[in-house]
Every structure is written in structure tokens, then in C-alpha cells.
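Here is coords04.csv, consisting of CSV, C-alpha atoms:
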chain,number,residue,atom,x,y,z
M,334,MET,CA,-63.5,75.5,-53.8
M,335,THR,CA,-60.2,75.1,-55.7
M,336,PRO,CA,-58.8,78.3,-57.3
M,337,CYS,CA,-56.9,77.7,-60.6
M,338,ILE,CA,-56.1,74.3,-62.1
M,339,ARG,CA,-54.1,71.4,-60.9
M,340,GLY,CA,-50.5,72.1,-61.6
M,341,CYS,CA,-50.7,75.9,-61.5
M,342,LYS,CA,-47.4,77.1,-60.1
M,343,LEU,CA,-49.0,80.0,-58.2
M,344,ARG,CA,-51.8,77.9,-56.7
M,345,ASP,CA,-52.0,77.8,-52.9
M,346,GLN,CA,-48.9,80.0,-52.4
M,347,HIS,CA,-49.0,82.8,-49.8
M,348,LEU,CA,-48.3,86.5,-49.8
M,349,VAL,CA,-45.4,87.8,-47.7
M,350,SER,CA,-47.9,89.4,-45.3
M,351,CYS,CA,-49.8,86.2,-44.8
M,352,LEU,CA,-49.4,84.3,-41.5
M,353,GLY,CA,-50.0,81.0,-43.4
M,354,GLU,CA,-53.5,80.5,-41.8
M,355,CYS,CA,-55.4,81.0,-45.1
M,356,ARG,CA,-56.0,78.4,-47.8
M,357,GLY,CA,-53.6,80.2,-50.2
M,358,CYS,CA,-53.5,83.9,-51.1
M,359,LEU,CA,-52.3,83.4,-54.6
M,360,PRO,CA,-53.2,83.4,-57.5
M,361,ARG,CA,-56.3,85.1,-56.4
M,362,HIS,CA,-56.6,88.9,-56.6
M,363,ALA,CA,-59.8,88.5,-54.6
M,364,GLU,CA,-61.8,85.5,-53.4
M,365,ASN,CA,-62.5,82.8,-56.1
M,366,VAL,CA,-60.6,84.6,-58.9
M,367,LEU,CA,-58.4,82.7,-61.3
M,368,CYS,CA,-54.9,83.8,-62.1
M,369,GLU,CA,-54.5,85.3,-65.6
M,370,VAL,CA,-52.8,82.2,-67.0
M,371,CYS,CA,-55.5,79.8,-65.9
M,372,GLU,CA,-58.3,82.3,-66.9
M,373,ARG,CA,-56.9,82.4,-70.4
M,374,ARG,CA,-56.7,78.6,-70.6
M,375,LEU,CA,-60.5,78.1,-70.2
M,376,PRO,CA,-61.5,79.9,-73.4
M,377,GLU,CA,-58.5,78.5,-75.2
M,378,ASN,CA,-59.5,74.9,-74.4
M,379,LEU,CA,-63.1,75.5,-75.3
M,380,ASN,CA,-62.2,77.2,-78.6
M,381,HIS,CA,-60.0,74.2,-79.5
M,382,ILE,CA,-62.9,71.9,-78.9
M,383,ILE,CA,-65.2,74.0,-81.0
M,384,GLU,CA,-62.7,74.0,-83.9
M,385,ALA,CA,-62.3,70.2,-83.7
M,386,TRP,CA,-66.0,69.4,-83.2
M,387,GLU,CA,-66.7,68.8,-86.9
M,388,ASP,CA,-63.7,66.6,-87.2
M,389,LEU,CA,-64.7,64.7,-84.1
M,390,HIS,CA,-68.2,64.2,-85.6
M,391,LYS,CA,-66.7,62.6,-88.7
M,392,GLN,CA,-65.1,59.9,-86.5
M,393,VAL,CA,-68.6,58.6,-85.4
M,394,ALA,CA,-69.4,56.7,-88.5
M,395,ARG,CA,-66.9,55.5,-91.2
M,396,SER,CA,-66.4,52.6,-93.5
M,397,GLY,CA,-63.6,50.2,-92.9
M,398,SER,CA,-62.0,48.9,-89.7
M,399,TYR,CA,-61.0,51.1,-86.8
M,400,ALA,CA,-59.5,50.2,-83.5
M,401,LEU,CA,-62.3,51.7,-81.3
M,402,LYS,CA,-65.2,50.7,-83.5
M,403,ASP,CA,-67.6,47.7,-83.3
M,404,ARG,CA,-69.3,46.3,-86.4
M,405,VAL,CA,-73.0,46.8,-86.6
M,406,THR,CA,-73.7,44.7,-89.6
M,407,GLY,CA,-73.3,41.4,-87.8
M,408,THR,CA,-71.3,40.0,-90.7
M,409,PRO,CA,-67.5,39.4,-91.2
M,410,GLN,CA,-67.6,41.9,-94.1
M,411,VAL,CA,-66.5,45.4,-93.6
M,412,GLY,CA,-69.5,47.8,-93.6
M,413,LEU,CA,-70.8,50.7,-91.6
M,414,VAL,CA,-69.1,50.9,-88.2
M,415,LEU,CA,-70.0,53.1,-85.3
M,416,ASN,CA,-67.4,54.5,-83.0
M,417,ASP,CA,-69.0,54.1,-79.5
M,418,HIS,CA,-66.0,55.7,-77.9
M,419,VAL,CA,-66.5,59.0,-79.9
M,420,MET,CA,-70.2,58.9,-79.3
M,421,ASP,CA,-69.7,58.6,-75.6
M,422,LEU,CA,-67.2,61.5,-75.6
M,423,MET,CA,-69.6,63.8,-77.6
M,424,THR,CA,-72.3,63.0,-75.0
M,425,GLU,CA,-69.8,63.8,-72.2
M,426,VAL,CA,-68.9,67.1,-73.8
M,427,ARG,CA,-72.5,68.0,-74.4
M,428,ASP,CA,-73.6,67.2,-70.8
M,429,TRP,CA,-70.7,69.3,-69.4
M,430,ALA,CA,-71.6,72.2,-71.8
M,431,LEU,CA,-75.2,72.0,-70.8
M,432,PHE,CA,-74.4,72.0,-67.1
M,433,VAL,CA,-72.1,75.0,-67.4
M,434,ALA,CA,-74.6,76.9,-69.6
M,435,ARG,CA,-77.3,76.3,-66.9
M,436,VAL,CA,-74.9,77.7,-64.3
M,437,ILE,CA,-74.4,80.8,-66.3
M,438,ALA,CA,-78.1,81.2,-67.1
M,439,ASP,CA,-79.3,80.6,-63.5
M,440,GLU,CA,-76.6,82.8,-61.8
M,441,SER,CA,-76.0,85.6,-64.3
M,442,PRO,CA,-78.0,88.0,-66.5
M,443,ALA,CA,-76.8,86.2,-69.7
M,444,GLY,CA,-79.8,84.0,-69.9
M,445,TYR,CA,-79.9,80.7,-71.8
M,446,PRO,CA,-78.1,80.0,-75.1
M,447,VAL,CA,-80.3,80.3,-78.1
M,448,ASN,CA,-78.9,77.4,-80.0
M,449,PRO,CA,-78.9,74.0,-78.2
M,450,LYS,CA,-76.1,72.5,-80.3
M,451,THR,CA,-73.0,71.5,-78.4
M,452,ASP,CA,-70.6,73.8,-80.3
M,453,SER,CA,-73.0,76.7,-79.9
M,454,MET,CA,-73.3,76.1,-76.2
M,455,LEU,CA,-69.5,76.1,-76.0
M,456,SER,CA,-69.4,79.4,-77.8
M,457,PHE,CA,-71.9,80.7,-75.3
M,458,ILE,CA,-69.7,79.6,-72.5
M,459,VAL,CA,-66.7,81.3,-74.0
M,460,LYS,CA,-68.6,84.6,-74.2
M,461,ASN,CA,-69.3,84.4,-70.5
M,462,VAL,CA,-65.8,83.3,-69.3
M,463,GLY,CA,-65.5,86.4,-67.3
M,464,PHE,CA,-68.4,85.3,-65.1
M,465,LEU,CA,-67.0,81.8,-64.8
M,466,SER,CA,-63.5,83.0,-63.8
M,467,VAL,CA,-64.9,84.4,-60.5
M,468,HIS,CA,-67.3,81.5,-59.8
M,469,GLU,CA,-66.8,79.3,-56.8
M,470,LEU,CA,-66.3,76.4,-59.3
M,471,ALA,CA,-63.8,78.3,-61.5
M,472,GLY,CA,-61.0,75.8,-60.9
M,473,GLU,CA,-63.1,72.9,-61.7
M,474,PHE,CA,-64.3,74.5,-65.0
M,475,VAL,CA,-60.7,75.0,-66.1
M,476,ASP,CA,-59.7,71.5,-65.1
M,477,ASP,CA,-62.7,70.0,-67.0
M,478,SER,CA,-62.1,72.0,-70.1
M,479,ALA,CA,-58.4,70.8,-70.2
M,480,ARG,CA,-59.4,67.2,-69.7
M,481,LEU,CA,-62.1,67.3,-72.3
M,482,TRP,CA,-59.9,69.0,-74.9
M,483,ALA,CA,-57.2,66.4,-74.4
M,484,LYS,CA,-59.8,63.6,-75.1
M,485,VAL,CA,-61.3,65.4,-78.0
M,486,GLU,CA,-58.0,66.0,-79.7
M,487,LYS,CA,-57.0,62.4,-79.3
M,488,SER,CA,-60.3,61.1,-80.8
M,489,ALA,CA,-60.8,63.7,-83.5
M,490,TYR,CA,-57.2,63.3,-84.8
M,491,PRO,CA,-56.2,59.7,-84.2
M,492,SER,CA,-53.5,59.8,-86.9
M,493,GLY,CA,-52.0,63.0,-85.5
M,494,SER,CA,-53.5,65.3,-88.1
M,495,ARG,CA,-55.3,68.4,-86.9
M,496,ARG,CA,-57.5,71.1,-88.5
M,497,MET,CA,-57.0,74.7,-87.4
M,498,LYS,CA,-59.1,77.7,-88.3
M,499,ILE,CA,-57.3,80.6,-89.9
M,500,GLU,CA,-58.4,84.2,-89.2
M,501,ALA,CA,-58.2,85.1,-92.9
M,502,THR,CA,-60.2,84.6,-96.1
M,503,CYS,CA,-59.3,83.1,-99.4
M,504,SER,CA,-57.5,85.5,-101.7
M,505,GLU,CA,-58.0,83.4,-104.9
M,506,THR,CA,-60.0,85.0,-107.7
M,507,VAL,CA,-63.2,83.5,-109.3
M,508,ASN,CA,-64.4,85.3,-112.5
M,509,GLY,CA,-62.3,88.3,-111.6
M,510,GLU,CA,-63.6,88.6,-108.0
M,511,ILE,CA,-61.9,87.6,-104.7
M,512,CYS,CA,-63.2,84.3,-103.4
M,513,GLY,CA,-63.4,85.4,-99.8
M,514,GLY,CA,-64.1,81.9,-98.4
M,515,PRO,CA,-63.0,81.0,-94.9
M,516,LEU,CA,-59.7,79.2,-94.7
M,517,PHE,CA,-58.5,76.3,-92.5
M,518,ALA,CA,-55.1,74.6,-92.2
M,519,MET,CA,-54.9,70.8,-92.1
M,520,ILE,CA,-51.8,70.0,-90.2
M,521,ARG,CA,-50.7,66.4,-90.7
M,522,ALA,CA,-48.0,64.2,-89.2
M,523,SER,CA,-44.6,64.4,-90.8
M,524,ASP,CA,-44.8,60.7,-91.9
M,525,ASP,CA,-48.3,61.1,-93.4
M,526,ARG,CA,-48.5,60.4,-97.1
M,527,THR,CA,-50.6,63.5,-97.6
M,528,SER,CA,-48.8,66.7,-96.8
M,529,SER,CA,-50.2,69.6,-94.7
M,530,ALA,CA,-52.1,72.3,-96.6
M,531,ILE,CA,-54.4,75.2,-96.3
M,532,TYR,CA,-57.9,74.8,-97.8
M,533,CYS,CA,-60.8,77.0,-98.6
M,534,LYS,CA,-64.2,75.9,-97.3
M,535,LYS,CA,-66.0,77.7,-100.1
M,536,ASN,CA,-64.1,76.2,-103.0
M,537,LYS,CA,-62.2,73.0,-102.5
M,538,GLU,CA,-60.0,73.7,-105.6
M,539,HIS,CA,-58.4,76.6,-103.7
M,540,LYS,CA,-55.5,74.9,-101.9
M,541,VAL,CA,-52.2,76.1,-100.7
M,542,GLU,CA,-49.3,73.6,-100.1
M,543,THR,CA,-46.9,74.2,-97.3
M,544,SER,CA,-44.2,75.3,-99.7
M,545,ALA,CA,-46.3,78.4,-100.6
M,546,TRP,CA,-47.4,79.3,-97.0
M,547,ILE,CA,-44.8,82.1,-96.6
M,548,GLU,CA,-45.9,83.8,-99.9
M,549,LEU,CA,-49.6,83.4,-98.9
M,550,GLY,CA,-48.8,85.0,-95.5
M,551,LYS,CA,-47.3,88.0,-97.3
M,552,LYS,CA,-50.3,88.2,-99.6
M,553,LEU,CA,-52.8,88.1,-96.7
M,554,ARG,CA,-50.9,90.7,-94.7
M,555,GLY,CA,-51.1,93.0,-97.7
M,556,MET,CA,-54.9,92.6,-97.8
M,557,VAL,CA,-55.3,93.8,-94.1
Encoded form (C-alpha cells):
Amino acid sequence: MTPCIRGCKLRDQHLVSCLGECRGCLPRHAENVLCEVCERRLPENLNHIIEAWEDLHKQVARSGSYALKDRVTGTPQVGLVLNDHVMDLMTEVRDWALFVARVIADESPAGYPVNPKTDSMLSFIVKNVGFLSVHELAGEFVDDSARLWAKVEKSAYPSGSRRMKIEATCSETVNGEICGGPLFAMIRASDDRTSSAIYCKKNKEHKVETSAWIELGKKLRGMV
């Protein structure tokens, strides 16, 4: 059993009253409990993976050449290529999510997740993070989530771009009515030819360039 994650500054430290014979009093409030920082990292890592899952899926099959892809056409011409690296990573994430979901289902009253899709299972795990934070494998769960998120981020955004969900809805008007579509920000590298922007999932024509983000923020705050 390893409380907290590797690199946690509180891990394995002892209380003043301890004689140094235990395995480390801190950061546990009680046996098998993560510190607040590490407990927060588990849902954060999983939510990052959930947000990036659609973008990771888009890296599985694309036209053109790609460093991690192998041709499946058997010809020198550029055609459909499959990214085996990404496919293996998606399988790894799914297997891990299935394992953790089974731990929750078998050892808590939560039952099994209704939707077997990977991102849905990850959402199920996030909802039960309180149970996982006091589990004997709590440290391993946090370590695994951090490792998987690092791999997903690198594979989903090979150019350095990243899509982030925004907790707000589109304020543009359509036929006199507020659009209300969900928003997401596409953050791109500074040297990317296409600048970062905020997009509406409901209407692709609703787009906000970075130069107008401050005004959009003021507008959204006024709607709350």
C-alpha cells in the first residue's frame, strides 16, 4: 500500500509524536487516506482525459503521413493510415477504467456504470473518487491517472494544441434567440498558423478570436 503519489512532498513524513516505527504518518488523516492535494489530482487527471478523448479518437485514422502511423494500403501512395500507438493507448485507458470501475462496483454500493464507453466509465470513476481516495490502492490510482493523462495529452495534441471545455454557453443570437450551444476553447501553439479561438459546438459559425476573449468574458459574467 502506498499513500499518495510518487513525488508528494508530504508522503512518508512522520508526526512529531511518532517514534519513527510506522510507515509514515503523513499525509494520512487515517489509514489509507490521500492528502487533499493528491485526492484532488485524481479527478483532475481523469477529467482532462475525458475532455481530450474526442480529440484522441480523431488521431486514430487520418489521411496523410504521420510519424507514428503505418500505411495500410500497401502502396507508396498516401491513403488511409491507422495510428497503432493511439489505438494501443485507448485500449490501455479503457482497460484501466474497466478495472477501476469493477473495483468500485464490487466493493461499494455504487454498482456498475450504465454506459460501457470509456469516457462514460471515467465519469463514473470521477463520481466515486471519494471511495477511491480511502481505498488501499489509492496511491496507485492517482499514479496511474497522472501517467495516462500525460500519454493522452501528448498523443491527442501532437502539435501542442489542446481543446478545453468552457463552463458557459454561446451568447450569440440566432433569429433573435440566444444560441445556448456548449463552448470549447482550442488552444494552439504560439507558432501555429491558426490562432487560438473559442468555438460553439452547436453552430460552427459562432467563433471568438483571442482578441475578443476579454469582452466575451465580461458578456458571459453578465449572463450569470
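Relative to CA of Val459 in chain M, CA of Leu422 in chain M is found at 19.9 Å.
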When you draw a straight line from CA of Asn416 in chain M to CA of Leu389 in chain M, how long is it in Å? 10.6 Å
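Among the candidate residues M:Leu379, M:Ile531, M:Cys371, M:Ala385, the one lying nearest to Tyr490 in chain M is M:Ala385, with distances computed using all atoms listed in the file.
If you measure from each of M:Ala394, M:Val467, M:Leu375, M:Val436 to His418 in chain M using all atoms listed in the file, the closest one turns out to be M:Ala394.
Using all atoms listed in the file, the residues found no farther than 10 Å from Arg521 in chain M, other than those of its own chain fewer than 6 positions away, are Tyr490, Ser492, Gly493, Ser494, Arg495, Arg496, Thr527, Ser528, Ser529 and Ala530 of chain M.
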Correct to one decimal, the distance CA of Ala438 in chain M-CA of His390 in chain M is 27.0 Å
Answer as a short mmCIF file (atom, residue, chain, number, x, y, z; two decimals) with C-alpha atoms, in the frame of the given file, residues within 12 Å of (-73.2, 71.7, -66.1) using all atoms listed in the file:
data_model
loop_
_atom_site.label_atom_id
_atom_site.label_comp_id
_atom_site.auth_asym_id
_atom_site.auth_seq_id
_atom_site.Cartn_x
_atom_site.Cartn_y
_atom_site.Cartn_z
CA GLU M 425 -69.80 63.80 -72.20
CA VAL M 426 -68.90 67.10 -73.80
CA ARG M 427 -72.50 68.00 -74.40
CA ASP M 428 -73.60 67.20 -70.80
CA TRP M 429 -70.70 69.30 -69.40
CA ALA M 430 -71.60 72.20 -71.80
CA LEU M 431 -75.20 72.00 -70.80
CA PHE M 432 -74.40 72.00 -67.10
CA VAL M 433 -72.10 75.00 -67.40
CA ALA M 434 -74.60 76.90 -69.60
CA ARG M 435 -77.30 76.30 -66.90
CA VAL M 436 -74.90 77.70 -64.30
CA ILE M 437 -74.40 80.80 -66.30
CA ALA M 438 -78.10 81.20 -67.10
CA ASP M 439 -79.30 80.60 -63.50
CA MET M 454 -73.30 76.10 -76.20
CA LEU M 455 -69.50 76.10 -76.00
CA ILE M 458 -69.70 79.60 -72.50
CA LEU M 465 -67.00 81.80 -64.80
CA LEU M 470 -66.30 76.40 -59.30
CA GLU M 473 -63.10 72.90 -61.70
CA PHE M 474 -64.30 74.50 -65.00
CA ASP M 477 -62.70 70.00 -67.00
CA SER M 478 -62.10 72.00 -70.10
#
So which residues fall inside 10 Å of (-60.7, 78.7, -81.7) if we count only C-alpha atoms? Mind giving them as a list in words? Pro376, Glu377, Asn378, Leu379, Asn380, His381, Ile382, Ile383, Glu384, Ala385, Ser456, Met497, Lys498, Ile499 and Glu500 of chain M
Residues near Glu505 in chain M, cut-off 10 Å, only C-alpha atoms, skip fewer than 5 positions along chain, as a PyMOL selection string: chain M and resi 510-514+533+536+538-540
Identify which of the residues M:Val447, M:Val507, M:Val475, M:Met423 lies closest to Val370 in chain M, counting all atoms listed in the file when measuring atom-to-atom distances. M:Val475
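Proximity of M:Trp482, M:Phe517, M:Trp386, M:Phe464 to Ser441 in chain M, computed with only C-alpha atoms, is greatest for M:Phe464.
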